[in-house]
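Asks: Got a file for you: coords.cif, mmCIF, C-alpha atoms.
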data_final
loop_
_atom_site.label_atom_id
_atom_site.label_comp_id
_atom_site.auth_asym_id
_atom_site.auth_seq_id
_atom_site.Cartn_x
_atom_site.Cartn_y
_atom_site.Cartn_z
CA GLN A 1 -50.20 24.43 18.09
CA ALA A 2 -51.82 23.92 21.49
CA ILE A 3 -51.27 27.59 22.37
CA ALA A 4 -52.79 28.67 19.03
CA ALA A 5 -55.89 26.60 19.79
CA ALA A 6 -56.11 28.01 23.34
CA TYR A 7 -55.66 31.55 21.98
CA LYS A 8 -58.66 31.11 19.68
CA ILE A 9 -60.79 29.73 22.52
CA PHE A 10 -60.10 32.65 24.86
CA ALA A 11 -60.30 35.27 22.11
CA ILE A 12 -63.58 34.01 20.62
CA CYS A 13 -65.49 31.97 23.17
CA TYR A 14 -64.66 33.93 26.31
CA SER A 15 -63.68 37.33 24.86
CA ASN A 16 -60.88 37.24 27.42
CA ARG A 17 -58.30 39.48 25.78
CA ASP A 18 -56.00 39.51 28.81
CA LYS A 19 -55.66 35.72 28.76
CA ALA A 20 -55.37 35.73 24.97
CA GLU A 21 -52.53 38.27 25.13
CA GLU A 22 -50.82 36.23 27.83
CA LEU A 23 -50.96 33.15 25.57
CA LEU A 24 -49.69 35.19 22.63
CA LEU A 25 -46.69 36.34 24.67
CA GLU A 26 -45.99 32.73 25.68
CA MET A 27 -46.28 31.69 22.03
CA LYS A 28 -43.66 34.27 21.04
CA GLY A 29 -41.24 32.97 23.67
CA ILE A 30 -41.68 29.33 22.71
CA TRP A 31 -41.51 30.07 18.98
CA SER A 32 -38.29 32.06 19.28
CA SER A 33 -36.66 29.25 21.30
CA ILE A 34 -37.18 26.61 18.58
CA MET A 35 -33.62 25.49 17.84
CA VAL A 36 -33.90 24.60 14.12
CA ASP A 37 -34.56 27.47 11.71
CA TRP A 38 -36.73 25.64 9.18
CA VAL A 39 -38.79 24.05 11.97
CA ARG A 40 -39.33 27.50 13.49
CA THR A 41 -40.47 28.79 10.10
CA ASP A 42 -42.90 25.89 9.55
CA VAL A 43 -44.42 26.35 13.02
CA GLY A 44 -44.72 30.08 12.40
CA TYR A 45 -46.60 29.57 9.12
CA TYR A 46 -48.90 27.07 10.82
CA PHE A 47 -49.70 29.67 13.49
CA VAL A 48 -50.38 32.31 10.82
CA GLY A 49 -52.77 30.04 8.92
CA ASP A 50 -54.61 29.09 12.10
CA ILE A 51 -54.91 32.59 13.56
CA ALA A 52 -55.87 34.26 10.26
CA LYS A 53 -59.36 32.74 10.61
CA ILE A 54 -60.12 34.87 13.68
CA ASP A 55 -57.54 37.68 13.80
CA LYS A 56 -56.33 38.71 10.36
CA PRO A 57 -54.31 41.80 11.50
CA LEU A 58 -52.34 39.64 13.97
CA ALA A 59 -51.78 37.02 11.25
CA VAL A 60 -50.40 39.70 8.89
CA ILE A 61 -47.97 40.94 11.57
CA TRP A 62 -46.70 37.39 12.17
CA LEU A 63 -46.52 36.67 8.45
CA ASP A 64 -44.35 39.73 7.82
CA HIS A 65 -42.07 38.79 10.70
CA ILE A 66 -41.68 35.17 9.58
CA SER A 67 -41.20 36.08 5.92
CA THR A 68 -38.47 38.58 6.82
CA GLU A 69 -36.68 36.02 9.00
CA GLU A 70 -36.91 33.38 6.27
CA LYS A 71 -35.43 35.75 3.67
CA ASN A 72 -32.54 36.65 5.96
CA ARG A 73 -31.90 33.06 6.97
CA VAL A 74 -28.55 31.67 5.94
CA SER A 75 -28.93 28.18 7.41
CA MET A 76 -29.77 25.07 5.40
CA SER A 77 -33.18 23.96 4.21
CA ARG A 78 -34.84 20.77 5.39
CA ASP A 79 -33.96 18.86 2.19
CA PHE A 80 -30.32 19.98 2.24
CA THR A 81 -30.11 19.01 5.91
CA LEU A 82 -31.26 15.45 5.13
CA VAL A 83 -28.70 15.07 2.33
CA LEU A 84 -25.90 16.52 4.44
CA ASN A 85 -26.73 14.17 7.30
CA GLN A 86 -26.46 11.12 5.02
CA ILE A 87 -23.05 12.31 3.82
CA LEU A 88 -21.87 12.94 7.39
CA ASN A 89 -23.02 9.48 8.48
CA LEU A 90 -20.85 7.99 5.75
CA LEU A 91 -17.95 10.21 6.81
CA VAL A 92 -18.22 9.04 10.43
CA ARG A 93 -18.29 5.37 9.40
CA CYS A 94 -15.21 5.73 7.20
CA TYR A 95 -13.20 7.90 9.57
CA GLY A 96 -14.05 5.81 12.63
CA SER A 97 -12.66 2.73 10.86
CA LEU A 98 -9.56 4.30 9.31
CA ALA A 99 -8.27 6.72 11.96
CA SER A 100 -4.97 5.74 13.55
CA ASP A 101 -4.75 4.33 17.07
CA ASP A 102 -2.64 7.27 18.26
CA LEU A 103 -5.06 9.89 16.91
CA ASP A 104 -4.58 13.39 18.32
CA LEU A 105 -7.76 15.46 18.62
CA ASN A 106 -5.71 18.43 17.41
CA ASP A 107 -4.80 16.56 14.23
CA ALA A 108 -5.74 18.52 11.09
CA ASP A 109 -7.81 15.69 9.61
CA PHE A 110 -9.75 15.22 12.83
CA LEU A 111 -10.43 18.94 13.11
CA ARG A 112 -11.83 18.93 9.57
CA VAL A 113 -14.11 16.03 10.49
CA ALA A 114 -15.18 17.87 13.66
CA LYS A 115 -15.97 21.01 11.67
CA LEU A 116 -18.12 19.03 9.24
CA ILE A 117 -20.00 17.25 12.03
CA ASN A 118 -20.65 20.55 13.79
CA SER A 119 -22.01 22.01 10.53
CA ALA A 120 -25.13 19.83 10.84
CA PRO A 121 -27.91 22.34 11.65
CA VAL A 122 -30.02 20.01 13.81
CA ILE A 123 -28.62 19.49 17.32
CA GLN A 124 -29.90 15.90 17.56
CA ASP A 125 -28.08 15.04 14.32
CA ARG A 126 -24.83 16.49 15.66
CA MET A 127 -25.19 14.52 18.88
CA SER A 128 -25.93 11.30 17.00
CA LEU A 129 -22.89 11.76 14.75
CA TRP A 130 -20.49 12.44 17.63
CA CYS A 131 -21.85 9.45 19.58
CA ASP A 132 -21.56 7.18 16.54
CA LEU A 133 -17.93 8.24 16.08
CA GLY A 134 -17.18 7.77 19.78
CA LEU A 135 -18.72 4.29 19.82
CA ARG A 136 -16.82 3.28 16.70
CA PHE A 137 -13.56 4.25 18.34
CA TYR A 138 -14.59 2.46 21.54
CA PHE A 139 -15.35 -0.87 19.85
CA PHE A 140 -12.30 -0.61 17.60
CA GLY A 141 -10.20 -0.59 20.78
CA LYS A 142 -9.44 3.15 20.75
CA ARG A 143 -11.09 3.73 24.10
CA SER A 144 -9.00 6.68 25.26
CA ILE A 145 -9.93 8.54 22.06
CA SER A 146 -13.58 7.62 22.59
CA LYS A 147 -13.49 9.02 26.11
CA ARG A 148 -11.87 12.27 24.95
CA ILE A 149 -14.54 12.72 22.29
CA CYS A 150 -17.19 12.24 24.96
CA GLU A 151 -15.58 14.80 27.26
CA THR A 152 -14.62 17.32 24.58
CA TYR A 153 -17.69 17.24 22.33
CA VAL A 154 -20.61 15.17 23.67
CA LEU A 155 -20.83 16.52 27.22
CA LYS A 156 -20.67 20.09 25.94
CA PHE A 157 -24.06 19.67 24.29
CA PHE A 158 -25.61 19.77 27.73
CA ASP A 159 -24.17 23.23 28.41
CA GLU A 160 -26.85 24.63 26.06
CA SER A 161 -29.98 26.26 27.43
CA PHE A 162 -32.99 23.98 26.96
CA VAL A 163 -35.69 26.33 28.23
CA ASN A 164 -38.88 25.33 26.36
CA ASN A 165 -36.83 22.51 24.78
CA GLU A 166 -36.73 19.98 27.60
CA TYR A 167 -37.95 17.22 25.25
CA ILE A 168 -34.97 17.86 22.96
CA GLU A 169 -32.60 17.67 25.95
CA GLU A 170 -34.08 14.28 26.84
CA SER A 171 -33.72 13.14 23.21
CA LEU A 172 -30.03 14.05 23.37
CA ILE A 173 -29.65 11.99 26.53
CA LEU A 174 -31.31 9.03 24.77
CA ASP A 175 -28.81 9.28 21.91
CA ALA A 176 -25.80 9.83 24.16
CA ALA A 177 -26.64 7.23 26.82
CA PRO A 178 -24.56 4.32 25.43
CA LEU A 179 -21.38 6.35 24.85
CA LEU A 180 -21.77 8.17 28.17
CA PHE A 181 -22.28 4.86 29.97
CA LEU A 182 -19.19 3.28 28.42
CA THR A 183 -16.85 6.25 28.87
CA HIS A 184 -18.38 8.42 31.61
CA ASN A 185 -20.56 6.10 33.68
CA ALA A 186 -21.45 8.49 36.52
CA SER A 187 -22.51 11.20 34.07
CA ALA A 188 -24.68 8.72 32.15
CA ILE A 189 -26.57 7.58 35.25
CA LEU A 190 -27.07 11.17 36.43
CA ARG A 191 -28.43 12.35 33.10
CA ILE A 192 -30.66 9.34 32.45
CA GLU A 193 -32.34 9.90 35.81
CA LYS A 194 -33.11 13.49 34.74
CA ILE A 195 -35.48 12.19 32.04
CA SER A 196 -39.03 12.94 33.17
CA GLN A 197 -40.85 9.75 32.09
CA GLN A 198 -39.96 6.27 33.30
CA SER A 199 -40.66 4.83 29.83
CA ARG A 200 -38.07 7.16 28.24
CA ARG A 201 -35.57 6.42 31.00
CA ASP A 202 -36.05 2.72 30.23
CA ARG A 203 -35.51 3.40 26.52
CA ALA A 204 -32.19 5.08 27.32
CA LYS A 205 -31.15 2.10 29.46
CA GLY A 206 -32.37 -0.29 26.78
CA ASN A 207 -30.16 1.54 24.26
CA VAL A 208 -27.17 0.91 26.52
CA CYS A 209 -27.97 -2.81 26.76
CA LYS A 210 -28.45 -3.07 23.00
CA VAL A 211 -25.06 -1.47 22.33
CA LEU A 212 -23.37 -3.74 24.89
CA LEU A 213 -24.78 -6.76 23.06
CA ARG A 214 -24.20 -5.62 19.48
CA LYS A 215 -20.86 -3.89 20.09
CA GLN A 216 -21.80 -1.06 17.74
CA SER A 217 -23.94 2.06 17.60
CA ASP A 218 -27.69 1.52 17.61
CA SER A 219 -28.00 3.77 14.53
CA ASP A 220 -25.73 1.53 12.43
CA ALA A 221 -27.31 -1.00 10.09
CA TYR A 222 -27.34 -4.35 11.82
CA ARG A 223 -28.66 -7.79 10.96
CA THR A 224 -29.93 -9.40 14.14
CA PRO A 225 -28.80 -13.05 14.43
CA ASP A 226 -31.61 -15.56 13.90
CA ASN A 227 -30.67 -17.27 17.17
CA TRP A 228 -30.27 -13.99 19.16
CA GLU A 229 -26.68 -14.90 20.09
CA TYR A 230 -24.13 -12.13 20.63
CA ASP A 231 -20.56 -11.97 21.92
CA LEU A 232 -20.91 -11.54 25.66
CA THR A 233 -18.31 -11.22 28.40
CA ASN A 234 -18.81 -11.63 32.13
CA ASP A 235 -18.51 -7.86 32.64
CA ASP A 236 -21.06 -7.14 29.89
CA ALA A 237 -23.52 -9.61 31.40
CA ALA A 238 -23.09 -8.18 34.90
CA THR A 239 -23.66 -4.65 33.57
CA ILE A 240 -26.81 -5.63 31.68
CA VAL A 241 -28.23 -7.38 34.77
CA SER A 242 -27.58 -4.29 36.89
CA ILE A 243 -29.35 -2.11 34.30
CA LEU A 244 -32.33 -4.48 34.02
CA GLN A 245 -32.81 -4.26 37.78
CA THR A 246 -33.71 -0.56 37.38
CA MET A 247 -36.13 -0.97 34.44
CA THR A 248 -39.89 -1.52 34.38
CA MET A 249 -41.00 -1.51 30.71
CA ASP A 250 -42.13 -5.05 29.93
CA SER A 251 -41.33 -5.20 26.21
CA LEU A 252 -37.79 -3.87 26.67
CA ILE A 253 -37.08 -6.20 29.59
CA PHE A 254 -38.33 -9.21 27.59
CA HIS A 255 -36.30 -8.44 24.45
CA ILE A 256 -33.11 -7.91 26.46
CA ILE A 257 -33.65 -11.13 28.43
CA ARG A 258 -34.36 -13.10 25.24
CA GLU A 259 -31.08 -11.97 23.69
CA MET A 260 -29.08 -12.26 26.88
CA THR A 261 -30.21 -15.81 27.73
CA ALA A 262 -29.34 -16.98 24.21
CA SER A 263 -25.93 -15.28 24.42
CA LEU A 264 -25.11 -16.65 27.87
CA VAL A 265 -25.30 -20.26 26.66
CA ALA A 266 -23.98 -19.69 23.12
CA LYS A 267 -20.97 -21.78 22.09
CA ARG A 268 -19.15 -18.64 20.98
CA ASN A 269 -19.08 -17.46 24.63
CA VAL A 270 -18.02 -20.71 26.32
CA ASN A 271 -14.51 -19.38 26.95
CA LEU A 272 -15.73 -15.93 28.00
CA ILE A 273 -18.16 -16.84 30.81
CA ARG A 274 -17.76 -19.79 33.13
CA ARG A 275 -20.64 -22.26 33.54
CA ASN A 276 -21.28 -21.38 37.20
CA GLN A 277 -21.39 -17.67 36.30
CA VAL A 278 -23.96 -18.38 33.58
CA ALA A 279 -26.13 -20.19 36.12
CA ASP A 280 -25.83 -17.22 38.50
CA PHE A 281 -26.86 -14.78 35.75
CA LEU A 282 -29.88 -16.92 34.87
CA LEU A 283 -30.90 -16.88 38.53
CA SER A 284 -30.55 -13.08 38.58
CA LEU A 285 -32.76 -12.83 35.50
CA GLU A 286 -35.36 -15.06 37.19
CA LYS A 287 -35.51 -12.65 40.14
CA ILE A 288 -35.85 -9.65 37.80
CA VAL A 289 -38.73 -11.29 35.91
CA ASP A 290 -40.55 -12.23 39.13
CA ARG A 291 -40.16 -8.72 40.54
CA THR A 292 -40.90 -6.52 37.51
CA LEU A 293 -43.34 -8.43 35.28
CA PRO A 294 -46.11 -7.88 34.45
CA ASP A 295 -45.64 -4.12 34.16
CA SER A 296 -48.66 -2.40 35.72
CA ASN A 297 -48.22 0.58 33.38
CA ASN A 298 -48.40 -1.48 30.19
CA ILE A 299 -49.77 -4.96 29.36
CA ARG A 300 -51.47 -6.29 32.48
CA HIS A 301 -51.48 -10.01 31.67
CA ASP A 302 -48.49 -12.34 32.17
CA GLY A 303 -47.54 -12.65 28.48
CA PHE A 304 -44.11 -11.03 28.61
CA LYS A 305 -43.36 -12.75 31.92
CA LEU A 306 -44.22 -16.20 30.54
CA ALA A 307 -42.23 -15.61 27.35
CA ALA A 308 -39.21 -14.50 29.39
CA ILE A 309 -39.49 -17.59 31.60
CA ALA A 310 -39.64 -19.78 28.47
CA HIS A 311 -36.36 -18.33 27.20
CA ARG A 312 -34.78 -18.81 30.61
CA TYR A 313 -35.93 -22.44 30.67
CA LYS A 314 -34.47 -22.92 27.21
CA ALA A 315 -31.12 -21.52 28.39
CA ARG A 316 -31.14 -23.81 31.43
CA MET A 317 -31.75 -26.87 29.23
CA THR A 318 -28.93 -25.82 26.88
CA LEU A 319 -26.67 -25.52 29.91
CA GLY A 320 -27.67 -29.01 31.07
CA LEU A 321 -29.64 -27.81 34.09
CA THR A 322 -32.93 -29.41 35.03
CA VAL A 323 -36.26 -28.07 33.80
CA THR A 324 -38.98 -30.62 34.53
CA LYS A 325 -41.85 -31.59 32.26
CA GLU A 326 -44.21 -30.31 34.96
CA GLN A 327 -42.62 -26.84 34.78
CA TRP A 328 -43.05 -26.69 31.00
CA VAL A 329 -46.65 -28.00 31.15
CA LEU A 330 -47.55 -25.42 33.81
CA LEU A 331 -45.98 -22.65 31.72
CA TYR A 332 -47.97 -23.76 28.68
CA ALA A 333 -51.21 -23.86 30.66
CA GLN A 334 -50.56 -20.32 31.91
CA ALA A 335 -49.97 -19.16 28.33
CA ARG A 336 -53.28 -20.71 27.26
CA ASN A 337 -55.07 -18.81 30.04
CA ILE A 338 -54.21 -15.39 28.56
CA SER A 339 -57.53 -13.77 27.65
CA ASN A 340 -56.30 -11.70 24.69
CA ILE A 341 -56.47 -14.11 21.72
CA SER A 342 -53.61 -12.70 19.62
CA ASP A 343 -51.31 -12.41 22.65
CA ARG A 344 -52.24 -15.94 23.69
CA ALA A 345 -51.23 -17.27 20.28
CA ILE A 346 -47.90 -15.43 20.36
CA VAL A 347 -46.98 -16.51 23.91
CA THR A 348 -48.06 -20.09 23.21
CA THR A 349 -45.71 -20.12 20.23
CA PHE A 350 -42.84 -18.70 22.31
CA VAL A 351 -43.29 -21.41 24.94
CA SER A 352 -43.60 -24.18 22.35
CA VAL A 353 -40.56 -23.13 20.33
CA CYS A 354 -38.39 -22.70 23.43
CA ALA A 355 -39.27 -26.22 24.59
CA ARG A 356 -37.78 -27.87 21.47
CA PRO A 357 -36.98 -30.74 20.99
CA LYS A 358 -39.54 -31.74 23.64
CA THR A 359 -42.40 -29.65 22.18
CA ILE A 360 -44.51 -32.47 20.75
CA ILE A 361 -44.02 -34.60 23.87
CA PHE A 362 -44.93 -31.79 26.28
CA PHE A 363 -47.60 -29.97 24.22
CA PRO A 364 -49.02 -32.33 21.56
CA THR A 365 -51.85 -29.90 20.71
CA TRP A 366 -49.81 -26.70 20.48
CA LEU A 367 -50.06 -26.27 16.72
CA SER A 368 -53.83 -26.79 16.62
CA ASP A 369 -54.22 -24.51 19.65
CA VAL A 370 -52.41 -21.69 17.88
CA LYS A 371 -54.34 -22.28 14.63
CA ASN A 372 -57.63 -22.06 16.54
CA ASP A 373 -56.51 -18.76 18.09
CA LEU A 374 -55.63 -17.35 14.70
#
As structure tokens - that is how I would like this structure written.
Replies:
Amino acid sequence: QAIAAAYKIFAICYSNRDKAEELLLEMKGIWSSIMVDWVRTDVGYYFVGDIAKIDKPLAVIWLDHISTEEKNRVSMSRDFTLVLNQILNLLVRCYGSLASDDLDLNDADFLRVAKLINSAPVIQDRMSLWCDLGLRFYFFGKRSISKRICETYVLKFFDESFVNNEYIEESLILDAAPLLFLTHNASAILRIEKISQQSRRDRAKGNVCKVLLRKQSDSDAYRTPDNWEYDLTNDDAATIVSILQTMTMDSLIFHIIREMTASLVAKRNVNLIRRNQVADFLLSLEKIVDRTLPDSNNIRHDGFKLAAIAHRYKARMTLGLTVTKEQWVLLYAQARNISNISDRAIVTTFVSVCARPKTIIFFPTWLSDVKNDL
């Protein structure tokens, strides 16, 4: 679309045919490299409609070419693709739960499943399905099978040529990051660092942390616990801390810290992580918050930092560690100093709720303060 707009500018405003022809040649290369047939057709028709306003003969040539390709196309339509993907998602969920522990990847049933997954016309859908199946096997204790799926099917996606499709390659890395991290750690780190934008690299790392907490694929339906408590082992916690140390996106860091602090002190994990280890992890999270927040590339005020500190204080109190009234009062005062009114109300509420049951004693005016903000 950008090239079509540039083509019109050079062809009309500057009468620069050489530059216009150069853009047209680039357009042909990019258009032919679009990996999904129906997307390529839609983009082609958009180009025809746009160019017809200034160059009708060129639009007719493109229209004939696109129409011929569409008639000869044997791949699925957009609507059929959506229906097929829903069916394949159900297949993966059922097969991942029912397959035997000693599954052989040359087994006839598995090969039928593989053929069906590979029939999905959109490469991102195929990647998502293979990763979902691999993660299901991993969390059902079939980790050797999960690793073989990663090596045999998932890693081979990256053998494709992604010329003019670098964004799609990065999308595949985002989808594959959790399974790669769990079964092929070195490959995961290498590929995540290939992503061009820091925010997308953080999203990939955030996906890994989310899967480590939930113990299931991020694409699966999941009801988040009201108290943010998940099953958490010492190894999981250490891994999440090491990942957080490489992230910068404030919202992701806060959400992971909120869920991790609640999980560290949850009763369900008392026998999984020793008390002194929990204290060490909370100290590590404190250092991460002090070093990375606020994020200079996103929200400049201290809102996410203060909210993360509040959740860490709450975890310390649950653990029986000291958090003084003065620390809570200072945190509340800092929340009230946030200039953005809506953010101030939200952060004030976070601090007040985390301080329970001492909220009314520490901040007697918190409810009226929030009401005034709203």
Asks: Give me, please, the distance in Å between CA of Gln86 in chain A and CA of Arg203 in chain A, quoted to one decimal.
Replies: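 These two atoms are separated by 24.6 Å.
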Asks: What does the structure give for the distance between CA of Asp220 in chain A and CA of Ser128 in chain A, in Å to one decimal?
Replies: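 Interatomic distance here is 10.8 Å.
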Asks: Mind listing as a list in words all residues within 10 Å of (-20.8, 4.4, 28.0), counting only C-alpha atoms?
Replies: Cys131, Gly134, Leu135, Tyr138, Ser146, Lys147, Cys150, Ala176, Ala177, Pro178, Leu179, Leu180, Phe181, Leu182, Thr183, His184, Asn185, Ala186, Ser187, Ala188, Ile189, Val208, Val211 and Leu212 of chain A
Asks: What would the selection look like, as a compact mmCIF listing (two decimals) with C-alpha atoms, keeping the file's coordinate frame, if the PyMOL selection byres ((chain A and resi 345-355) around 8) were run on the coordinates I just shared?
Replies:
# COMPACT_ATOMS: atom_id res chain seq x y z
CA GLY A 303 -47.54 -12.65 28.48
CA PHE A 304 -44.11 -11.03 28.61
CA LEU A 306 -44.22 -16.20 30.54
CA ALA A 307 -42.23 -15.61 27.35
CA ALA A 310 -39.64 -19.78 28.47
CA HIS A 311 -36.36 -18.33 27.20
CA TYR A 313 -35.93 -22.44 30.67
CA LYS A 314 -34.47 -22.92 27.21
CA TRP A 328 -43.05 -26.69 31.00
CA LEU A 331 -45.98 -22.65 31.72
CA TYR A 332 -47.97 -23.76 28.68
CA ALA A 335 -49.97 -19.16 28.33
CA ARG A 336 -53.28 -20.71 27.26
CA ILE A 341 -56.47 -14.11 21.72
CA SER A 342 -53.61 -12.70 19.62
CA ASP A 343 -51.31 -12.41 22.65
CA ARG A 344 -52.24 -15.94 23.69
CA ARG A 356 -37.78 -27.87 21.47
CA PRO A 357 -36.98 -30.74 20.99
CA LYS A 358 -39.54 -31.74 23.64
CA THR A 359 -42.40 -29.65 22.18
CA PHE A 363 -47.60 -29.97 24.22
CA TRP A 366 -49.81 -26.70 20.48
CA ASP A 369 -54.22 -24.51 19.65
CA VAL A 370 -52.41 -21.69 17.88
CA ASP A 373 -56.51 -18.76 18.09
CA LEU A 374 -55.63 -17.35 14.70
Asks: Could you give me, as JSON, numbers by chain, the residues within 12 Å of Leu283 in chain A, counting all atoms listed in the file and dropping anything in the same chain fewer than 4 positions from it?
Replies: {"A": [241, 257, 261, 276, 277, 278, 279, 287, 288, 289, 290, 309, 312, 313, 315, 316, 321]}
Asks: One decimal, in Å: what's the spacing between CA of Pro364 in chain A and CA of Val323 in chain A?
Replies: 18.2 Å
Asks: So that I can check the surroundings of Gln124 in chain A, please list as a list in words every protein, DNA and RNA residue that reaches within 10 Å of it, counting all atoms listed in the file and ignoring chain neighbours fewer than 3 positions away.
Replies: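 Contacts, with the query itself left out: Ala120, Pro121, Met127, Ser128, Leu129, Phe157, Ile168, Glu169, Ser171, Leu172, Ile173, Asp175 and Ala176 of chain A.
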Asks: Considering only C-alpha atoms, state which residue in the set A:Lys142, A:Phe47, A:Thr248, A:Asp132 is at the smallest distance from Cys94 in chain A.
Replies: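 Of all the options, A:Asp132 lies closest to Cys94 in chain A.
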Asks: Name the closest residue to Ile34 in chain A among the candidates A:Arg78, A:Val329, A:Glu166, A:Ala266; distances are taken between atoms, counting all atoms listed in the file.
Replies: A:Glu166
Asks: From the list A:Ala262, A:Met249, A:Leu111, A:Val36, which residue is nearest Asn165 in chain A when using all atoms listed in the file?
Replies: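 Among the listed residues, the smallest separation from Asn165 in chain A belongs to A:Val36.
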Asks: Looking at A:Ile145, A:Met35, A:Leu82, A:Leu213, which one is nearest to Phe162 in chain A, with distances taken over only C-alpha atoms?
Replies: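 Among the listed residues, the smallest separation from Phe162 in chain A belongs to A:Met35.
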